[in-house]
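Shown below: protein_29.csv, with CSV, C-alpha atoms.
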```csv
chain,number,residue,atom,x,y,z
A,1,MET,CA,20.2,-4.3,-52.9
A,2,LYS,CA,19.9,-3.3,-56.6
A,3,GLN,CA,22.4,-0.5,-55.9
A,4,LEU,CA,24.9,-2.9,-54.3
A,5,THR,CA,24.6,-5.3,-57.3
A,6,ALA,CA,25.2,-2.4,-59.7
A,7,VAL,CA,28.3,-1.3,-57.8
A,8,ALA,CA,29.6,-4.9,-58.0
A,9,LEU,CA,29.0,-5.1,-61.7
A,10,ASN,CA,30.6,-1.7,-62.3
A,11,PHE,CA,33.7,-2.8,-60.4
A,12,ARG,CA,33.8,-5.9,-62.4
A,13,ARG,CA,33.6,-4.0,-65.6
A,14,TYR,CA,36.4,-1.7,-64.4
A,15,ALA,CA,38.5,-4.6,-63.5
A,16,GLY,CA,38.0,-6.1,-66.9
A,17,SER,CA,38.6,-2.9,-68.8
A,18,ASN,CA,42.4,-3.3,-68.3
A,19,GLN,CA,42.3,-6.8,-69.7
A,20,SER,CA,42.5,-8.0,-73.3
A,21,SER,CA,39.3,-9.0,-75.1
A,22,SER,CA,40.1,-12.6,-74.6
A,23,GLU,CA,40.5,-12.1,-70.8
A,24,VAL,CA,37.2,-10.2,-70.3
A,25,GLY,CA,34.8,-12.2,-68.2
A,26,LYS,CA,37.5,-14.4,-66.8
A,27,SER,CA,38.1,-14.6,-63.1
A,28,THR,CA,41.4,-13.0,-61.9
A,29,PRO,CA,42.8,-12.7,-58.4
A,30,PHE,CA,41.8,-9.1,-58.4
A,31,THR,CA,38.2,-9.7,-59.4
A,32,LYS,CA,37.9,-12.6,-56.9
A,33,SER,CA,39.2,-10.5,-54.1
A,34,LEU,CA,36.9,-7.6,-55.1
A,35,ILE,CA,33.8,-9.7,-55.3
A,36,SER,CA,34.6,-11.4,-52.0
A,37,THR,CA,35.0,-8.0,-50.3
A,38,ILE,CA,31.7,-6.7,-51.8
A,39,GLY,CA,29.9,-9.9,-50.7
A,40,ILE,CA,31.1,-9.4,-47.1
A,41,GLY,CA,29.9,-5.8,-47.3
A,42,ILE,CA,26.5,-6.9,-48.5
A,43,TRP,CA,26.1,-9.3,-45.6
A,44,LEU,CA,27.2,-6.7,-43.1
A,45,VAL,CA,24.6,-4.3,-44.5
A,46,LEU,CA,21.9,-7.0,-44.3
A,47,PHE,CA,22.9,-7.9,-40.8
A,48,SER,CA,22.7,-4.3,-39.6
A,49,PHE,CA,19.1,-4.1,-40.9
A,50,LEU,CA,18.0,-7.6,-39.8
A,51,THR,CA,19.3,-7.4,-36.2
A,52,PRO,CA,17.0,-4.5,-35.1
A,53,LEU,CA,14.1,-6.2,-36.8
A,54,THR,CA,14.8,-9.4,-35.0
A,55,THR,CA,15.0,-7.5,-31.7
A,56,LEU,CA,11.8,-5.7,-32.4
A,57,ALA,CA,10.1,-9.0,-33.2
A,58,GLN,CA,11.3,-10.5,-30.0
A,59,ALA,CA,10.1,-7.5,-28.0
A,60,ALA,CA,6.7,-7.7,-29.7
A,61,ASP,CA,6.3,-11.2,-28.4
A,62,CYS,CA,7.1,-10.2,-24.8
A,63,PRO,CA,4.1,-9.8,-22.4
A,64,THR,CA,3.4,-6.4,-21.1
A,65,ILE,CA,2.3,-5.1,-17.7
A,66,ALA,CA,1.7,-1.5,-16.9
A,67,ASN,CA,-0.2,0.7,-14.3
A,68,THR,CA,-3.7,1.9,-14.8
A,69,ASP,CA,-4.6,5.2,-13.2
A,70,GLN,CA,-4.1,3.4,-9.9
A,71,THR,CA,-0.5,3.8,-8.9
A,72,SER,CA,-1.0,4.1,-5.2
A,73,VAL,CA,-3.7,3.3,-2.6
A,74,THR,CA,-4.1,4.6,1.0
A,75,ALA,CA,-6.3,3.0,3.7
A,76,CYS,CA,-6.7,3.0,7.4
A,77,THR,CA,-5.3,0.1,9.4
A,78,GLY,CA,-7.7,-2.8,9.7
A,79,TYR,CA,-9.6,-1.8,6.6
A,80,ILE,CA,-10.1,-4.0,3.5
A,81,ILE,CA,-8.8,-2.5,0.3
A,82,ASP,CA,-11.5,-2.6,-2.3
A,83,SER,CA,-9.3,-3.4,-5.4
A,84,LEU,CA,-5.8,-3.4,-6.9
A,85,GLN,CA,-5.3,-3.6,-10.7
A,86,VAL,CA,-2.8,-3.5,-13.5
A,87,LYS,CA,-3.0,-3.3,-17.3
A,88,THR,CA,-1.6,-6.3,-19.2
A,89,SER,CA,-1.4,-8.1,-22.5
A,90,VAL,CA,-1.2,-11.4,-20.6
A,91,PHE,CA,-4.3,-13.6,-21.1
A,92,TRP,CA,-5.4,-17.1,-20.1
A,93,PRO,CA,-3.9,-19.6,-19.5
A,94,ASP,CA,-1.1,-17.2,-18.4
A,95,LYS,CA,-1.9,-15.2,-15.3
A,96,ILE,CA,-0.9,-12.1,-13.4
A,97,GLU,CA,0.3,-12.6,-9.8
A,98,LEU,CA,0.3,-9.8,-7.2
A,99,VAL,CA,3.2,-10.0,-4.7
A,100,ARG,CA,3.5,-7.8,-1.6
A,101,PHE,CA,6.9,-6.6,-0.4
A,102,ASP,CA,8.0,-4.5,2.5
A,103,SER,CA,10.5,-2.6,0.5
A,104,PRO,CA,11.0,-1.5,-3.2
A,105,GLN,CA,12.4,-4.2,-5.5
A,106,THR,CA,14.9,-3.9,-8.3
A,107,ASN,CA,13.7,-7.2,-9.7
A,108,PRO,CA,10.6,-8.5,-8.0
A,109,TYR,CA,10.9,-11.8,-9.9
A,110,ASP,CA,13.6,-12.7,-7.4
A,111,ARG,CA,10.8,-13.0,-4.9
A,112,THR,CA,13.0,-12.1,-1.9
A,113,ASP,CA,10.7,-11.9,1.1
A,114,GLY,CA,7.7,-11.4,-1.1
A,115,THR,CA,4.2,-12.5,-0.1
A,116,SER,CA,1.8,-13.7,-2.8
A,117,LEU,CA,-1.6,-12.0,-2.7
A,118,GLY,CA,-3.0,-14.3,-5.4
A,119,GLU,CA,-3.2,-14.9,-9.1
A,120,LEU,CA,-5.5,-13.2,-11.6
A,121,ILE,CA,-6.9,-13.8,-15.1
A,122,SER,CA,-7.1,-10.6,-17.1
A,123,SER,CA,-10.3,-9.3,-18.6
A,124,ASN,CA,-10.2,-6.8,-21.4
A,125,GLY,CA,-6.6,-6.1,-20.7
A,126,ILE,CA,-7.1,-5.4,-17.0
A,127,ALA,CA,-6.2,-7.8,-14.1
A,128,THR,CA,-8.2,-6.8,-10.9
A,129,MET,CA,-8.0,-8.2,-7.4
A,130,ARG,CA,-10.9,-7.5,-5.0
A,131,THR,CA,-11.1,-7.1,-1.2
A,132,ILE,CA,-7.4,-7.3,-0.1
A,133,ALA,CA,-6.5,-7.4,3.6
A,134,PHE,CA,-3.1,-5.9,4.7
A,135,PRO,CA,-1.5,-6.4,8.1
A,136,PRO,CA,-2.6,-3.8,10.6
A,137,THR,CA,-0.1,-1.3,11.9
A,138,THR,CA,0.1,-1.1,15.6
A,139,SER,CA,2.7,1.7,15.6
A,140,THR,CA,2.1,5.5,15.5
A,141,THR,CA,3.6,5.8,12.0
A,142,ASP,CA,2.1,4.8,8.7
A,143,ARG,CA,3.2,1.5,7.0
A,144,VAL,CA,4.1,1.3,3.3
A,145,TYR,CA,3.8,-1.8,1.2
A,146,TYR,CA,5.0,-2.4,-2.4
A,147,VAL,CA,2.7,-4.6,-4.5
A,148,TYR,CA,4.1,-5.8,-7.9
A,149,GLY,CA,2.2,-7.4,-10.7
A,150,LEU,CA,4.2,-10.2,-12.3
A,151,VAL,CA,3.7,-12.7,-15.1
A,152,LYS,CA,2.8,-16.2,-14.1
A,153,PRO,CA,4.3,-18.7,-15.0
A,154,LEU,CA,7.8,-17.1,-15.1
A,155,PRO,CA,8.8,-16.2,-18.7
A,156,ALA,CA,11.8,-18.2,-19.9
A,157,ASP,CA,13.4,-15.1,-21.5
A,158,ALA,CA,14.9,-12.9,-18.8
A,159,ASN,CA,14.4,-9.9,-21.0
A,160,CYS,CA,10.6,-10.6,-21.2
A,161,ARG,CA,9.7,-10.2,-17.5
A,162,PRO,CA,7.7,-7.0,-17.1
A,163,PHE,CA,6.2,-5.8,-13.9
A,164,ALA,CA,4.1,-2.9,-12.5
A,165,LEU,CA,4.2,-1.4,-9.0
A,166,VAL,CA,1.3,-0.2,-6.9
A,167,THR,CA,2.2,1.4,-3.6
A,168,VAL,CA,-0.1,0.8,-0.6
A,169,THR,CA,0.0,3.0,2.5
A,170,ILE,CA,-1.7,1.8,5.6
A,171,LYS,CA,-2.4,4.7,7.9
A,172,ALA,CA,-2.0,4.4,11.7
A,173,ASN,CA,-5.0,5.0,13.9
A,174,ALA,CA,-5.1,7.6,16.6
A,175,THR,CA,-3.4,6.2,19.7
A,176,ALA,CA,-5.1,8.4,22.4
A,177,THR,CA,-7.1,6.8,25.3
A,178,ILE,CA,-9.9,8.0,27.6
A,179,LYS,CA,-10.3,8.3,31.3
A,180,ALA,CA,-13.2,9.4,33.6
A,181,GLN,CA,-13.7,10.9,37.0
A,182,GLU,CA,-16.7,10.1,39.2
A,183,ALA,CA,-18.6,13.0,40.7
A,184,THR,CA,-17.9,13.7,44.4
A,185,CYS,CA,-20.4,13.5,47.2
A,186,THR,CA,-21.1,16.0,50.0
A,187,GLY,CA,-23.2,14.0,52.4
A,188,SER,CA,-26.1,12.7,50.4
A,189,GLU,CA,-25.7,15.3,47.7
A,190,SER,CA,-23.7,14.7,44.4
A,191,ALA,CA,-21.6,17.5,43.1
A,192,ALA,CA,-21.6,18.1,39.3
A,193,ASP,CA,-17.9,17.6,38.9
A,194,GLY,CA,-17.7,14.3,37.1
A,195,TRP,CA,-16.1,14.1,33.7
A,196,VAL,CA,-14.8,12.0,30.7
A,197,GLY,CA,-11.7,13.1,29.0
A,198,ILE,CA,-9.1,12.1,26.3
A,199,VAL,CA,-5.4,11.7,27.1
A,200,GLY,CA,-2.4,11.3,24.8
A,201,PHE,CA,-4.0,13.0,21.8
A,202,GLU,CA,-2.5,14.9,18.9
A,203,PRO,CA,-3.5,18.5,18.3
A,204,THR,CA,-5.0,17.4,14.9
A,205,ASP,CA,-7.1,14.6,16.5
A,206,ARG,CA,-10.8,14.9,16.7
A,207,TYR,CA,-13.5,13.1,18.7
A,208,GLU,CA,-17.1,11.9,18.7
A,209,VAL,CA,-19.2,10.7,21.6
A,210,ALA,CA,-21.8,8.0,20.8
A,211,ASN,CA,-25.4,8.7,21.2
A,212,ASN,CA,-27.2,5.7,22.7
A,213,GLY,CA,-24.3,3.6,21.5
A,214,LEU,CA,-24.4,4.9,17.9
A,215,PHE,CA,-21.9,7.1,16.1
A,216,SER,CA,-22.9,9.5,13.4
A,217,GLY,CA,-19.4,10.2,11.9
A,218,GLU,CA,-19.6,13.9,12.9
A,219,SER,CA,-16.4,14.7,14.8
A,220,HIS,CA,-15.2,17.7,16.8
A,221,PRO,CA,-11.9,19.2,17.8
A,222,ILE,CA,-10.6,18.0,21.1
A,223,PRO,CA,-10.5,20.7,23.8
A,224,SER,CA,-7.0,21.6,25.0
A,225,ASP,CA,-7.6,20.1,28.4
A,226,GLY,CA,-9.0,16.9,26.8
A,227,ILE,CA,-12.3,17.0,28.7
A,228,ILE,CA,-15.1,16.1,26.3
A,229,VAL,CA,-18.0,15.5,28.8
A,230,ARG,CA,-18.4,17.7,31.8
A,231,ASN,CA,-20.5,18.4,34.9
A,232,LEU,CA,-21.6,14.8,35.4
A,233,THR,CA,-23.5,13.9,38.6
A,234,ARG,CA,-24.1,10.6,40.3
A,235,THR,CA,-27.3,9.1,39.0
A,236,GLY,CA,-27.4,5.9,41.0
A,237,LYS,CA,-26.9,3.7,37.9
A,238,PRO,CA,-23.8,2.9,35.8
A,239,GLU,CA,-23.2,4.9,32.6
A,240,THR,CA,-20.9,3.8,29.8
A,241,TYR,CA,-19.5,6.4,27.4
A,242,GLY,CA,-18.4,5.4,23.9
A,243,VAL,CA,-15.9,7.6,22.2
A,244,ARG,CA,-14.3,7.6,18.7
A,245,ILE,CA,-10.9,9.4,18.3
A,246,TYR,CA,-10.1,10.3,14.7
A,247,SER,CA,-6.6,10.9,13.3
A,248,VAL,CA,-6.0,13.7,10.8
A,249,PHE,CA,-6.4,11.3,8.0
A,250,GLY,CA,-9.8,10.1,9.3
A,251,CYS,CA,-8.7,6.8,10.8
A,252,PHE,CA,-10.3,6.2,14.1
A,253,VAL,CA,-10.2,4.1,17.2
A,254,GLU,CA,-13.1,3.4,19.5
A,255,ARG,CA,-12.7,3.6,23.3
A,256,SER,CA,-15.2,3.3,26.1
A,257,VAL,CA,-15.3,4.0,29.9
A,258,THR,CA,-18.0,3.2,32.5
A,259,LEU,CA,-18.8,5.4,35.5
A,260,ALA,CA,-20.3,3.5,38.5
A,261,ASN,CA,-22.4,6.5,39.5
A,262,ILE,CA,-23.2,5.1,43.0
A,263,SER,CA,-25.7,7.4,44.7
A,264,CYS,CA,-24.4,9.6,47.5
A,265,ALA,CA,-25.8,8.7,50.9
A,266,CYS,CA,-25.3,9.8,54.5
A,267,PRO,CA,-22.7,7.7,56.3
A,268,PRO,CA,-24.3,5.0,58.6
A,269,VAL,CA,-25.1,6.0,62.2
A,270,ARG,CA,-22.3,5.1,64.5
A,271,CYS,CA,-22.9,4.0,68.0
A,272,VAL,CA,-20.9,6.0,70.5
A,273,PRO,CA,-20.3,4.1,73.8
A,274,ILE,CA,-21.6,5.8,76.9
A,275,VAL,CA,-20.0,5.3,80.3
A,276,ILE,CA,-22.3,5.8,83.3
A,277,GLN,CA,-20.6,6.3,86.6
A,278,LYS,CA,-22.5,6.2,89.9
A,279,LEU,CA,-21.2,8.6,92.5
A,280,THR,CA,-21.9,7.9,96.2
A,281,ARG,CA,-22.7,10.9,98.3
A,282,VAL,CA,-21.0,10.8,101.7
A,283,ARG,CA,-22.6,12.4,104.7
```
Would you mind writing the file's structure down as structure tokens?
Amino acid sequence: MKQLTAVALNFRRYAGSNQSSSEVGKSTPFTKSLISTIGIGIWLVLFSFLTPLTTLAQAADCPTIANTDQTSVTACTGYIIDSLQVKTSVFWPDKIELVRFDSPQTNPYDRTDGTSLGELISSNGIATMRTIAFPPTTSTTDRVYYVYGLVKPLPADANCRPFALVTVTIKANATATIKAQEATCTGSESAADGWVGIVGFEPTDRYEVANNGLFSGESHPIPSDGIIVRNLTRTGKPETYGVRIYSVFGCFVERSVTLANISCACPPVRCVPIVIQKLTRVR
């Protein structure tokens, strides 16, 4: 500013140097035009400095939302997600709202087909939601959801509407089923040819058979023929087999099947009709 003032004074002196001593200091058309031009230049310089500062000041007043280390979450279908969170400068009474979408959003504030998961009050710059349920997937493919953190209420300035995205993948369960075959009978004897097997499984699927109705979580590869329990005989009492079938991700589905195990027995005695014919002897 001092330099610009000095320039103006020097120009004024230069303009007055060509005037008589009686005219020095007086305004002339030339000096008026020159000073007006310099004044406009000063304002342009000031505006060029002030505009970025104003923009920065406005940006500093905008709320912020960003991701924590959590940018994506994966869970099995039917499971509750423990937590979703974002970092934010928003604090009470303003809140953070988490909104679930089925597809990525250019501007999630438009709320097209979005489902609100709830509103949060931040604590120490972190807004955290606990125990979130997502719709189960009944297909054989995984389902992806897009959860956006938004400022609530909606900021009036459209340039001050930040958001953060957390991608949630819901893994599909294994879709295989089980079937069983009763042991065959030979007379009153039971053959050891009963079995329980898995059908419709993937090569990467694994299984576990319950022990007294309890699962340990220890799974095994499924045999190529799918038979997981072999050489069963008829015991005379029903037997139920509980089976867990695990996908490659570890998601599982529980199936069960019951064998009647009716004891083998001889067929009932059949009465065979006897025809007696009396023959008369002729002499």
Notebook entry, point to check: Around (-12.2, 12.1, 25.4) in the file's own coordinates, what residues are found within 6 Å if you use only C-alpha atoms, given back as a list in words?
Noted result: Ile178, Val196, Gly197, Ile198, Gly226, Ile227 and Ile228 of chain A
Margin query: Between atom CA of Tyr246 of chain A and atom CA of Ala75 of chain A, what distance in Å does the model show, to one decimal?
Written below: 13.7 Å
Margin query: Neighbouring residues of Ser72 of chain A were defined as those with any atom within 8 Å, considering all atoms listed in the file; residues of the same chain fewer than 6 positions away were excluded. Please report them as a VMD selection string.
Written below: chain A and resid 166 to 169
Notebook entry, point to check: atom CA of Asp94 of chain A and atom CA of Pro155 of chain A are how many Å apart?
Noted result: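 Between atom CA of Asp94 of chain A and atom CA of Pro155 of chain A the gap is 10.0 Å.
Our summary of the geometry notes that atom CA of Asn211 of chain A is positioned 23.5 Å from atom CA of Ser263 of chain A.
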Next item on the list: For segment 117-128 of chain A, work out the shell of residues within 6 Å, counting all atoms listed in the file and skipping chain neighbours fewer than 4 positions away, then give it as a ChimeraX atom specification.
Entry: /A:84-89,91,95-99
Save out the residues we just selected, C-alpha atoms, as a compact mmCIF listing (two decimals), in the frame of the given file.
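Output contents, as saved in part.txt:
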```
# COMPACT_ATOMS: atom_id res chain seq x y z
CA LEU A 84 -5.80 -3.40 -6.90
CA GLN A 85 -5.30 -3.60 -10.70
CA VAL A 86 -2.80 -3.50 -13.50
CA LYS A 87 -3.00 -3.30 -17.30
CA THR A 88 -1.60 -6.30 -19.20
CA SER A 89 -1.40 -8.10 -22.50
CA PHE A 91 -4.30 -13.60 -21.10
CA LYS A 95 -1.90 -15.20 -15.30
CA ILE A 96 -0.90 -12.10 -13.40
CA GLU A 97 0.30 -12.60 -9.80
CA LEU A 98 0.30 -9.80 -7.20
CA VAL A 99 3.20 -10.00 -4.70
```
Next item on the list: Between A:Tyr79, A:Phe215, A:Phe101, A:Tyr109, single out the one closest to Ala156 of chain A, counting all atoms listed in the file.
Entry: A:Tyr109
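Candidate residues A:Gly242, A:Gly213, A:Arg100, A:Leu232 were compared for distance to Asp113 of chain A, and the nearest is A:Arg100, using all atoms listed in the file.
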Next item on the list: Give the answer as one residue: which of A:Val253, A:Asp193, A:Ala210, A:His220 has the shortest atom-to-atom distance to Thr240 of chain A, using only C-alpha atoms?
Entry: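 Residue with the minimum atom-to-atom distance to Thr240 of chain A: A:Ala210.
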Notebook entry, point to check: For Asn159 of chain A, which residue out of A:Asn107, A:Thr77, A:Thr184, A:Thr233 is the nearest one, using all atoms listed in the file?
Noted result: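 The shortest atom-to-atom distance to Asn159 of chain A comes from A:Asn107.
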